[in-house]
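Data from coords.pdb: PDB, C-alpha atoms
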```
ATOM      1  CA  MET X   1       7.552   8.120  29.105  1.00  0.00           C
ATOM      2  CA  ASP X   2      10.822   9.293  27.573  1.00  0.00           C
ATOM      3  CA  ASN X   3      10.307   7.050  24.545  1.00  0.00           C
ATOM      4  CA  THR X   4       6.902   8.614  23.955  1.00  0.00           C
ATOM      5  CA  ARG X   5       8.378  12.098  24.053  1.00  0.00           C
ATOM      6  CA  ASP X   6      11.149  11.069  21.633  1.00  0.00           C
ATOM      7  CA  LEU X   7       8.587   9.643  19.234  1.00  0.00           C
ATOM      8  CA  CYS X   8       6.563  12.824  19.326  1.00  0.00           C
ATOM      9  CA  ASN X   9       9.654  14.959  18.763  1.00  0.00           C
ATOM     10  CA  GLU X  10      10.673  12.887  15.730  1.00  0.00           C
ATOM     11  CA  GLU X  11       7.270  13.298  14.071  1.00  0.00           C
ATOM     12  CA  SER X  12       7.705  16.993  13.381  1.00  0.00           C
ATOM     13  CA  ASP X  13       6.352  18.709  10.313  1.00  0.00           C
ATOM     14  CA  GLY X  14       8.486  20.357   7.671  1.00  0.00           C
ATOM     15  CA  ASP X  15       7.798  23.745   9.280  1.00  0.00           C
ATOM     16  CA  GLY X  16       9.379  22.595  12.551  1.00  0.00           C
ATOM     17  CA  ARG X  17       6.117  22.234  14.440  1.00  0.00           C
ATOM     18  CA  ASN X  18       5.701  19.086  16.485  1.00  0.00           C
ATOM     19  CA  ASN X  19       2.496  17.117  16.411  1.00  0.00           C
ATOM     20  CA  THR X  20       0.624  16.850  19.682  1.00  0.00           C
ATOM     21  CA  CYS X  21       0.816  13.632  21.637  1.00  0.00           C
ATOM     22  CA  GLY X  22      -2.249  11.697  22.676  1.00  0.00           C
ATOM     23  CA  THR X  23      -3.704  11.961  26.127  1.00  0.00           C
ATOM     24  CA  SER X  24      -3.295   8.246  26.643  1.00  0.00           C
ATOM     25  CA  SER X  25       0.467   8.448  26.138  1.00  0.00           C
ATOM     26  CA  THR X  26       0.883  11.350  28.534  1.00  0.00           C
ATOM     27  CA  SER X  27      -1.020   9.540  31.234  1.00  0.00           C
ATOM     28  CA  GLY X  28       1.577   6.780  31.311  1.00  0.00           C
ATOM     29  CA  GLY X  29      -0.559   3.961  29.868  1.00  0.00           C
ATOM     30  CA  PRO X  30       0.296   2.184  26.622  1.00  0.00           C
ATOM     31  CA  SER X  31      -1.549   3.834  23.702  1.00  0.00           C
ATOM     32  CA  TYR X  32      -2.896   1.962  20.699  1.00  0.00           C
ATOM     33  CA  ARG X  33      -1.130   2.774  17.450  1.00  0.00           C
ATOM     34  CA  LEU X  34      -2.531   1.897  14.067  1.00  0.00           C
ATOM     35  CA  PHE X  35      -0.780  -1.064  12.386  1.00  0.00           C
ATOM     36  CA  GLY X  36       1.212  -1.530  15.619  1.00  0.00           C
ATOM     37  CA  ARG X  37       3.846   0.947  14.503  1.00  0.00           C
ATOM     38  CA  GLN X  38       6.784   1.686  16.789  1.00  0.00           C
ATOM     39  CA  SER X  39       8.405   4.404  14.653  1.00  0.00           C
ATOM     40  CA  THR X  40       7.361   7.597  12.946  1.00  0.00           C
ATOM     41  CA  VAL X  41       5.053   7.583   9.935  1.00  0.00           C
ATOM     42  CA  HIS X  42       7.889   8.828   7.733  1.00  0.00           C
ATOM     43  CA  GLN X  43      10.147   5.955   8.829  1.00  0.00           C
ATOM     44  CA  MET X  44       7.330   3.443   8.370  1.00  0.00           C
ATOM     45  CA  MET X  45       6.968   4.620   4.766  1.00  0.00           C
ATOM     46  CA  GLY X  46      10.664   3.956   4.098  1.00  0.00           C
ATOM     47  CA  GLY X  47      12.119   7.313   5.088  1.00  0.00           C
ATOM     48  CA  GLY X  48      13.256   8.213   1.560  1.00  0.00           C
ATOM     49  CA  LYS X  49      12.043  10.355  -1.304  1.00  0.00           C
ATOM     50  CA  ALA X  50       8.991   8.150  -1.805  1.00  0.00           C
ATOM     51  CA  ALA X  51       7.965   8.795   1.804  1.00  0.00           C
ATOM     52  CA  ASP X  52       8.346  12.532   1.222  1.00  0.00           C
ATOM     53  CA  VAL X  53       6.021  12.315  -1.773  1.00  0.00           C
ATOM     54  CA  ILE X  54       3.429  10.190   0.053  1.00  0.00           C
ATOM     55  CA  LEU X  55       3.415  12.510   3.081  1.00  0.00           C
ATOM     56  CA  TRP X  56       3.233  15.628   0.860  1.00  0.00           C
ATOM     57  CA  LYS X  57       6.575  17.002   1.946  1.00  0.00           C
ATOM     58  CA  ARG X  58       7.144  17.538  -1.785  1.00  0.00           C
ATOM     59  CA  GLN X  59       3.791  18.995  -2.658  1.00  0.00           C
ATOM     60  CA  HIS X  60       4.477  19.597  -6.342  1.00  0.00           C
ATOM     61  CA  VAL X  61       5.481  15.973  -6.928  1.00  0.00           C
ATOM     62  CA  SER X  62       2.529  14.650  -4.915  1.00  0.00           C
ATOM     63  CA  LEU X  63       0.117  16.839  -6.859  1.00  0.00           C
ATOM     64  CA  GLY X  64       1.752  15.686 -10.097  1.00  0.00           C
ATOM     65  CA  VAL X  65       1.157  12.042  -9.162  1.00  0.00           C
ATOM     66  CA  ILE X  66      -2.548  12.738  -8.635  1.00  0.00           C
ATOM     67  CA  VAL X  67      -2.813  14.639 -11.928  1.00  0.00           C
ATOM     68  CA  VAL X  68      -1.013  11.914 -13.906  1.00  0.00           C
ATOM     69  CA  ALA X  69      -3.114   9.179 -12.283  1.00  0.00           C
ATOM     70  CA  THR X  70      -6.330  11.077 -13.033  1.00  0.00           C
ATOM     71  CA  VAL X  71      -5.375  11.658 -16.679  1.00  0.00           C
ATOM     72  CA  ALA X  72      -4.374   8.005 -17.085  1.00  0.00           C
ATOM     73  CA  TRP X  73      -7.659   6.849 -15.536  1.00  0.00           C
ATOM     74  CA  LEU X  74      -9.665   9.083 -17.859  1.00  0.00           C
ATOM     75  CA  LEU X  75      -7.753   7.731 -20.851  1.00  0.00           C
ATOM     76  CA  PHE X  76      -8.282   4.100 -19.922  1.00  0.00           C
ATOM     77  CA  GLU X  77     -11.876   4.363 -18.754  1.00  0.00           C
ATOM     78  CA  ARG X  78     -13.409   7.076 -20.948  1.00  0.00           C
ATOM     79  CA  SER X  79     -11.577   6.700 -24.243  1.00  0.00           C
ATOM     80  CA  GLY X  80     -12.714   3.152 -24.882  1.00  0.00           C
ATOM     81  CA  LEU X  81      -9.228   2.106 -25.996  1.00  0.00           C
ATOM     82  CA  SER X  82      -7.501  -0.959 -24.653  1.00  0.00           C
ATOM     83  CA  PHE X  83      -4.483  -0.894 -22.384  1.00  0.00           C
ATOM     84  CA  LEU X  84      -2.224  -2.296 -25.117  1.00  0.00           C
ATOM     85  CA  ALA X  85      -3.371   0.303 -27.667  1.00  0.00           C
ATOM     86  CA  ILE X  86      -2.773   3.243 -25.309  1.00  0.00           C
ATOM     87  CA  CYS X  87       0.674   1.986 -24.252  1.00  0.00           C
ATOM     88  CA  SER X  88       1.639   1.452 -27.902  1.00  0.00           C
ATOM     89  CA  ASP X  89       0.453   4.947 -28.865  1.00  0.00           C
ATOM     90  CA  VAL X  90       2.346   6.580 -25.991  1.00  0.00           C
ATOM     91  CA  LEU X  91       5.561   4.723 -26.830  1.00  0.00           C
ATOM     92  CA  LEU X  92       5.118   5.536 -30.523  1.00  0.00           C
ATOM     93  CA  VAL X  93       4.752   9.269 -29.860  1.00  0.00           C
ATOM     94  CA  LEU X  94       7.699   9.231 -27.443  1.00  0.00           C
ATOM     95  CA  ILE X  95      10.012   7.428 -29.868  1.00  0.00           C
ATOM     96  CA  VAL X  96       9.038   9.719 -32.779  1.00  0.00           C
ATOM     97  CA  LEU X  97       9.643  12.849 -30.695  1.00  0.00           C
ATOM     98  CA  LEU X  98      13.052  11.620 -29.519  1.00  0.00           C
ATOM     99  CA  PHE X  99      14.022  10.655 -33.070  1.00  0.00           C
ATOM    100  CA  LEU X 100      13.008  14.050 -34.479  1.00  0.00           C
ATOM    101  CA  ARG X 101      14.745  15.848 -31.605  1.00  0.00           C
ATOM    102  CA  SER X 102      18.050  14.077 -32.204  1.00  0.00           C
ATOM    103  CA  ASN X 103      17.959  14.656 -35.977  1.00  0.00           C
ATOM    104  CA  TYR X 104      17.017  18.315 -35.516  1.00  0.00           C
ATOM    105  CA  ALA X 105      19.969  18.767 -33.174  1.00  0.00           C
ATOM    106  CA  VAL X 106      22.300  17.217 -35.786  1.00  0.00           C
ATOM    107  CA  TYR X 107      20.879  19.491 -38.472  1.00  0.00           C
ATOM    108  CA  ARG X 108      21.429  22.606 -36.306  1.00  0.00           C
ATOM    109  CA  ASN X 109      24.851  21.379 -35.112  1.00  0.00           C
ATOM    110  CA  LYS X 110      23.758  21.393 -31.492  1.00  0.00           C
ATOM    111  CA  GLN X 111      25.090  19.130 -28.775  1.00  0.00           C
ATOM    112  CA  LEU X 112      22.378  17.059 -27.150  1.00  0.00           C
ATOM    113  CA  GLN X 113      22.456  16.281 -23.481  1.00  0.00           C
ATOM    114  CA  SER X 114      23.465  12.688 -22.917  1.00  0.00           C
ATOM    115  CA  LEU X 115      20.649  10.521 -21.631  1.00  0.00           C
ATOM    116  CA  PRO X 116      21.359   8.458 -18.504  1.00  0.00           C
ATOM    117  CA  GLU X 117      21.958   4.791 -19.137  1.00  0.00           C
ATOM    118  CA  LEU X 118      19.330   2.613 -17.523  1.00  0.00           C
ATOM    119  CA  VAL X 119      21.024  -0.608 -16.490  1.00  0.00           C
ATOM    120  CA  LEU X 120      19.728  -3.191 -14.029  1.00  0.00           C
ATOM    121  CA  SER X 121      22.507  -4.279 -11.728  1.00  0.00           C
ATOM    122  CA  GLU X 122      22.947  -7.894 -10.761  1.00  0.00           C
ATOM    123  CA  GLU X 123      22.485  -7.021  -7.093  1.00  0.00           C
ATOM    124  CA  MET X 124      19.156  -5.319  -7.779  1.00  0.00           C
ATOM    125  CA  VAL X 125      17.878  -8.296  -9.773  1.00  0.00           C
ATOM    126  CA  ASN X 126      19.027 -10.770  -7.104  1.00  0.00           C
ATOM    127  CA  ASN X 127      17.347  -8.760  -4.339  1.00  0.00           C
ATOM    128  CA  ALA X 128      14.094  -8.548  -6.287  1.00  0.00           C
ATOM    129  CA  ALA X 129      14.208 -12.258  -7.111  1.00  0.00           C
ATOM    130  CA  GLY X 130      14.949 -13.153  -3.469  1.00  0.00           C
ATOM    131  CA  SER X 131      12.065 -11.038  -2.189  1.00  0.00           C
ATOM    132  CA  PHE X 132       9.707 -12.530  -4.776  1.00  0.00           C
ATOM    133  CA  ARG X 133      10.842 -16.063  -3.888  1.00  0.00           C
ATOM    134  CA  VAL X 134      10.127 -15.554  -0.185  1.00  0.00           C
ATOM    135  CA  LYS X 135       6.646 -14.160  -0.824  1.00  0.00           C
ATOM    136  CA  PHE X 136       5.824 -16.821  -3.407  1.00  0.00           C
ATOM    137  CA  ASN X 137       6.944 -19.627  -1.085  1.00  0.00           C
ATOM    138  CA  TYR X 138       4.833 -18.146   1.707  1.00  0.00           C
ATOM    139  CA  ALA X 139       1.799 -18.108  -0.609  1.00  0.00           C
ATOM    140  CA  LEU X 140       2.459 -21.731  -1.580  1.00  0.00           C
ATOM    141  CA  LEU X 141       2.720 -22.696   2.100  1.00  0.00           C
ATOM    142  CA  MET X 142      -0.609 -21.021   2.817  1.00  0.00           C
ATOM    143  CA  ALA X 143      -2.196 -22.836  -0.130  1.00  0.00           C
ATOM    144  CA  HIS X 144      -0.739 -26.127   1.126  1.00  0.00           C
ATOM    145  CA  ASP X 145      -2.198 -25.648   4.601  1.00  0.00           C
ATOM    146  CA  ILE X 146      -5.600 -24.692   3.181  1.00  0.00           C
ATOM    147  CA  THR X 147      -5.638 -27.670   0.799  1.00  0.00           C
ATOM    148  CA  LEU X 148      -4.850 -30.135   3.597  1.00  0.00           C
ATOM    149  CA  GLY X 149      -7.334 -28.486   5.943  1.00  0.00           C
ATOM    150  CA  LYS X 150      -4.772 -27.737   8.640  1.00  0.00           C
ATOM    151  CA  ASP X 151      -5.699 -24.111   9.340  1.00  0.00           C
ATOM    152  CA  PHE X 152      -9.427 -23.368   9.365  1.00  0.00           C
ATOM    153  CA  ARG X 153      -9.004 -19.757  10.399  1.00  0.00           C
ATOM    154  CA  LEU X 154      -6.708 -19.115   7.446  1.00  0.00           C
ATOM    155  CA  PHE X 155      -9.211 -20.896   5.196  1.00  0.00           C
ATOM    156  CA  PHE X 156     -12.075 -18.624   6.256  1.00  0.00           C
ATOM    157  CA  LYS X 157      -9.886 -15.514   5.938  1.00  0.00           C
ATOM    158  CA  VAL X 158      -8.775 -16.416   2.399  1.00  0.00           C
ATOM    159  CA  VAL X 159     -12.320 -17.307   1.336  1.00  0.00           C
ATOM    160  CA  GLY X 160     -13.625 -14.028   2.744  1.00  0.00           C
ATOM    161  CA  CYS X 161     -10.919 -11.992   0.999  1.00  0.00           C
ATOM    162  CA  LEU X 162     -11.477 -13.743  -2.340  1.00  0.00           C
ATOM    163  CA  TRP X 163     -15.224 -13.261  -2.066  1.00  0.00           C
ATOM    164  CA  LEU X 164     -14.729  -9.576  -1.272  1.00  0.00           C
ATOM    165  CA  LEU X 165     -12.405  -9.159  -4.266  1.00  0.00           C
ATOM    166  CA  SER X 166     -14.954 -10.904  -6.474  1.00  0.00           C
ATOM    167  CA  VAL X 167     -17.687  -8.517  -5.349  1.00  0.00           C
ATOM    168  CA  ILE X 168     -15.468  -5.469  -5.842  1.00  0.00           C
ATOM    169  CA  GLY X 169     -14.316  -6.718  -9.260  1.00  0.00           C
ATOM    170  CA  SER X 170     -17.917  -7.154 -10.416  1.00  0.00           C
ATOM    171  CA  VAL X 171     -18.726  -3.535  -9.487  1.00  0.00           C
ATOM    172  CA  ILE X 172     -15.658  -1.599 -10.643  1.00  0.00           C
ATOM    173  CA  SER X 173     -12.942  -2.256 -13.223  1.00  0.00           C
ATOM    174  CA  PHE X 174      -9.273  -2.961 -12.575  1.00  0.00           C
ATOM    175  CA  PHE X 175      -8.131   0.504 -13.693  1.00  0.00           C
ATOM    176  CA  THR X 176     -10.677   2.199 -11.434  1.00  0.00           C
ATOM    177  CA  LEU X 177      -9.518   0.049  -8.532  1.00  0.00           C
ATOM    178  CA  ALA X 178      -5.877   0.916  -9.292  1.00  0.00           C
ATOM    179  CA  TYR X 179      -6.762   4.609  -9.501  1.00  0.00           C
ATOM    180  CA  ILE X 180      -8.565   4.466  -6.149  1.00  0.00           C
ATOM    181  CA  GLY X 181      -5.534   2.704  -4.652  1.00  0.00           C
ATOM    182  CA  ILE X 182      -3.177   5.440  -5.896  1.00  0.00           C
ATOM    183  CA  ILE X 183      -5.403   8.233  -4.564  1.00  0.00           C
ATOM    184  CA  VAL X 184      -5.783   6.494  -1.207  1.00  0.00           C
ATOM    185  CA  SER X 185      -2.027   5.850  -0.902  1.00  0.00           C
ATOM    186  CA  ILE X 186      -1.197   9.491  -1.672  1.00  0.00           C
ATOM    187  CA  THR X 187      -3.832  11.042   0.640  1.00  0.00           C
ATOM    188  CA  PHE X 188      -4.549   8.772   3.614  1.00  0.00           C
ATOM    189  CA  PRO X 189      -0.958   8.544   4.959  1.00  0.00           C
ATOM    190  CA  ALA X 190      -0.670  12.337   4.886  1.00  0.00           C
ATOM    191  CA  LEU X 191      -3.981  12.753   6.689  1.00  0.00           C
ATOM    192  CA  TYR X 192      -2.977  10.121   9.232  1.00  0.00           C
ATOM    193  CA  ASN X 193       0.360  11.845   9.802  1.00  0.00           C
ATOM    194  CA  LYS X 194      -1.488  15.091  10.523  1.00  0.00           C
ATOM    195  CA  TYR X 195      -4.290  13.706  12.703  1.00  0.00           C
ATOM    196  CA  GLN X 196      -2.643  10.545  14.010  1.00  0.00           C
ATOM    197  CA  ASP X 197      -3.563  11.066  17.676  1.00  0.00           C
ATOM    198  CA  HIS X 198      -7.283  11.288  16.982  1.00  0.00           C
ATOM    199  CA  ILE X 199      -7.179   8.414  14.475  1.00  0.00           C
ATOM    200  CA  ASP X 200      -5.199   6.164  16.845  1.00  0.00           C
ATOM    201  CA  ARG X 201      -7.635   6.875  19.664  1.00  0.00           C
ATOM    202  CA  PHE X 202     -10.658   6.044  17.498  1.00  0.00           C
ATOM    203  CA  ALA X 203      -8.933   2.983  15.981  1.00  0.00           C
ATOM    204  CA  GLY X 204      -8.132   1.736  19.488  1.00  0.00           C
ATOM    205  CA  LEU X 205     -11.803   1.817  20.447  1.00  0.00           C
ATOM    206  CA  VAL X 206     -12.819   0.030  17.232  1.00  0.00           C
ATOM    207  CA  HIS X 207     -10.045  -2.555  17.686  1.00  0.00           C
ATOM    208  CA  GLN X 208     -11.193  -3.267  21.236  1.00  0.00           C
ATOM    209  CA  LYS X 209     -14.792  -3.832  20.154  1.00  0.00           C
ATOM    210  CA  ILE X 210     -13.751  -6.073  17.247  1.00  0.00           C
ATOM    211  CA  SER X 211     -11.462  -8.078  19.533  1.00  0.00           C
ATOM    212  CA  ASN X 212     -14.269  -8.629  22.025  1.00  0.00           C
ATOM    213  CA  ASN X 213     -16.646  -9.783  19.273  1.00  0.00           C
ATOM    214  CA  TYR X 214     -13.959 -12.024  17.775  1.00  0.00           C
ATOM    215  CA  LYS X 215     -13.376 -13.685  21.146  1.00  0.00           C
ATOM    216  CA  ILE X 216     -17.076 -14.494  21.381  1.00  0.00           C
ATOM    217  CA  VAL X 217     -17.133 -15.976  17.867  1.00  0.00           C
ATOM    218  CA  ASP X 218     -13.879 -17.844  18.508  1.00  0.00           C
ATOM    219  CA  GLU X 219     -15.137 -19.400  21.721  1.00  0.00           C
ATOM    220  CA  ASN X 220     -18.538 -20.378  20.347  1.00  0.00           C
ATOM    221  CA  VAL X 221     -17.831 -21.288  16.697  1.00  0.00           C
ATOM    222  CA  ILE X 222     -14.250 -21.361  15.397  1.00  0.00           C
ATOM    223  CA  SER X 223     -12.624 -23.134  18.321  1.00  0.00           C
ATOM    224  CA  ARG X 224     -15.128 -25.994  18.060  1.00  0.00           C
ATOM    225  CA  ILE X 225     -14.639 -26.719  14.340  1.00  0.00           C
ATOM    226  CA  PRO X 226     -11.408 -28.786  14.580  1.00  0.00           C
ATOM    227  CA  ARG X 227     -12.787 -30.778  17.504  1.00  0.00           C
ATOM    228  CA  THR X 228     -15.949 -31.799  15.684  1.00  0.00           C
ATOM    229  CA  LEU X 229     -14.017 -32.732  12.549  1.00  0.00           C
ATOM    230  CA  SER X 230     -11.474 -34.763  14.495  1.00  0.00           C
ATOM    231  CA  ARG X 231     -14.243 -36.651  16.255  1.00  0.00           C
ATOM    232  CA  LYS X 232     -15.839 -37.542  12.929  1.00  0.00           C
ATOM    233  CA  LYS X 233     -12.499 -38.783  11.584  1.00  0.00           C
ATOM    234  CA  ASP X 234     -11.900 -40.916  14.663  1.00  0.00           C
ATOM    235  CA  SER X 235     -15.348 -42.429  14.435  1.00  0.00           C
TER     236      SER X 235
END
```
What is this file in structure tokens?
Amino acid sequence: MDNTRDLCNEESDGDGRNNTCGTSSTSGGPSYRLFGRQSTVHQMMGGGKAADVILWKRQHVSLGVIVVATVAWLLFERSGLSFLAICSDVLLVLIVLLFLRSNYAVYRNKQLQSLPELVLSEEMVNNAAGSFRVKFNYALLMAHDITLGKDFRLFFKVVGCLWLLSVIGSVISFFTLAYIGIIVSITFPALYNKYQDHIDRFAGLVHQKISNNYKIVDENVISRIPRTLSRKKDS
């Protein structure tokens, strides 16, 4: 009970107003939380400046992300130019402007502000490489299990996800999908942070129904697949 109150107190808005707690948590029973989170939404998003932008605590930056993403999507989808051509044109304009700016400052005897040096540290590269290695090894392990037929549930999940991606890719382009992902990531977390009690309550009901249906399918179909295959191998 005390932990629930602490969690509700931590999830306060920037104006100092606390979000209301769900009725299930006040009654003493365990409440369902989306994605099984045990911390605040801000902490789940990383708790830094990126979390502030995603949760619209910095409204100007969040609005700027949407505007930039919309302009980029219109350029890629409506202009008819390729991704390489647009990137080359943007870099060309940027380099020309910086070159003219520096030479104009020399001509007017003005002191330019020093640009920050962008240097990748060895620690940053090692951390990124270590994280990529772990995820890549996990993907290889999944592929190994699917190839050898060890995990049928994982096989059906991967096939379903790949089929869904194939259907989505045949309907919309990659840039449209990326644009939708950016808009969803910048709007849905903020809406969930504002209406999390209602969303968690509805998601709990949906999760319960899906779990009940999955148990029926698991008992009648999935759980029998390894047994039938093992019997055929033995015979």
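Here atom CA of X:Phe175 stands at a distance of 11.1 Å from atom CA of X:Ser82.
Shortest separation to X:Phe202 among X:Leu34, X:Leu164, X:Leu81, X:Leu141 occurs at residue X:Leu34, atoms counted being only C-alpha atoms.
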What is the distance between atom CA of X:Val93 and atom CA of X:Ser62, in Å to one decimal?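 So the two atoms, atom CA of X:Val93 and atom CA of X:Ser62, lie 25.6 Å apart.
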Nearest residue to X:Ala190 from the set X:Leu55, X:Cys161, X:Val90, X:Ala50 (distances using only C-alpha atoms): X:Leu55
Using all atoms listed in the file, which residues sit within 7 Å of X:Ile183 once same-chain residues fewer than 4 positions away are excluded, as an NGL selection string? :X and (66 or 179 or 187)
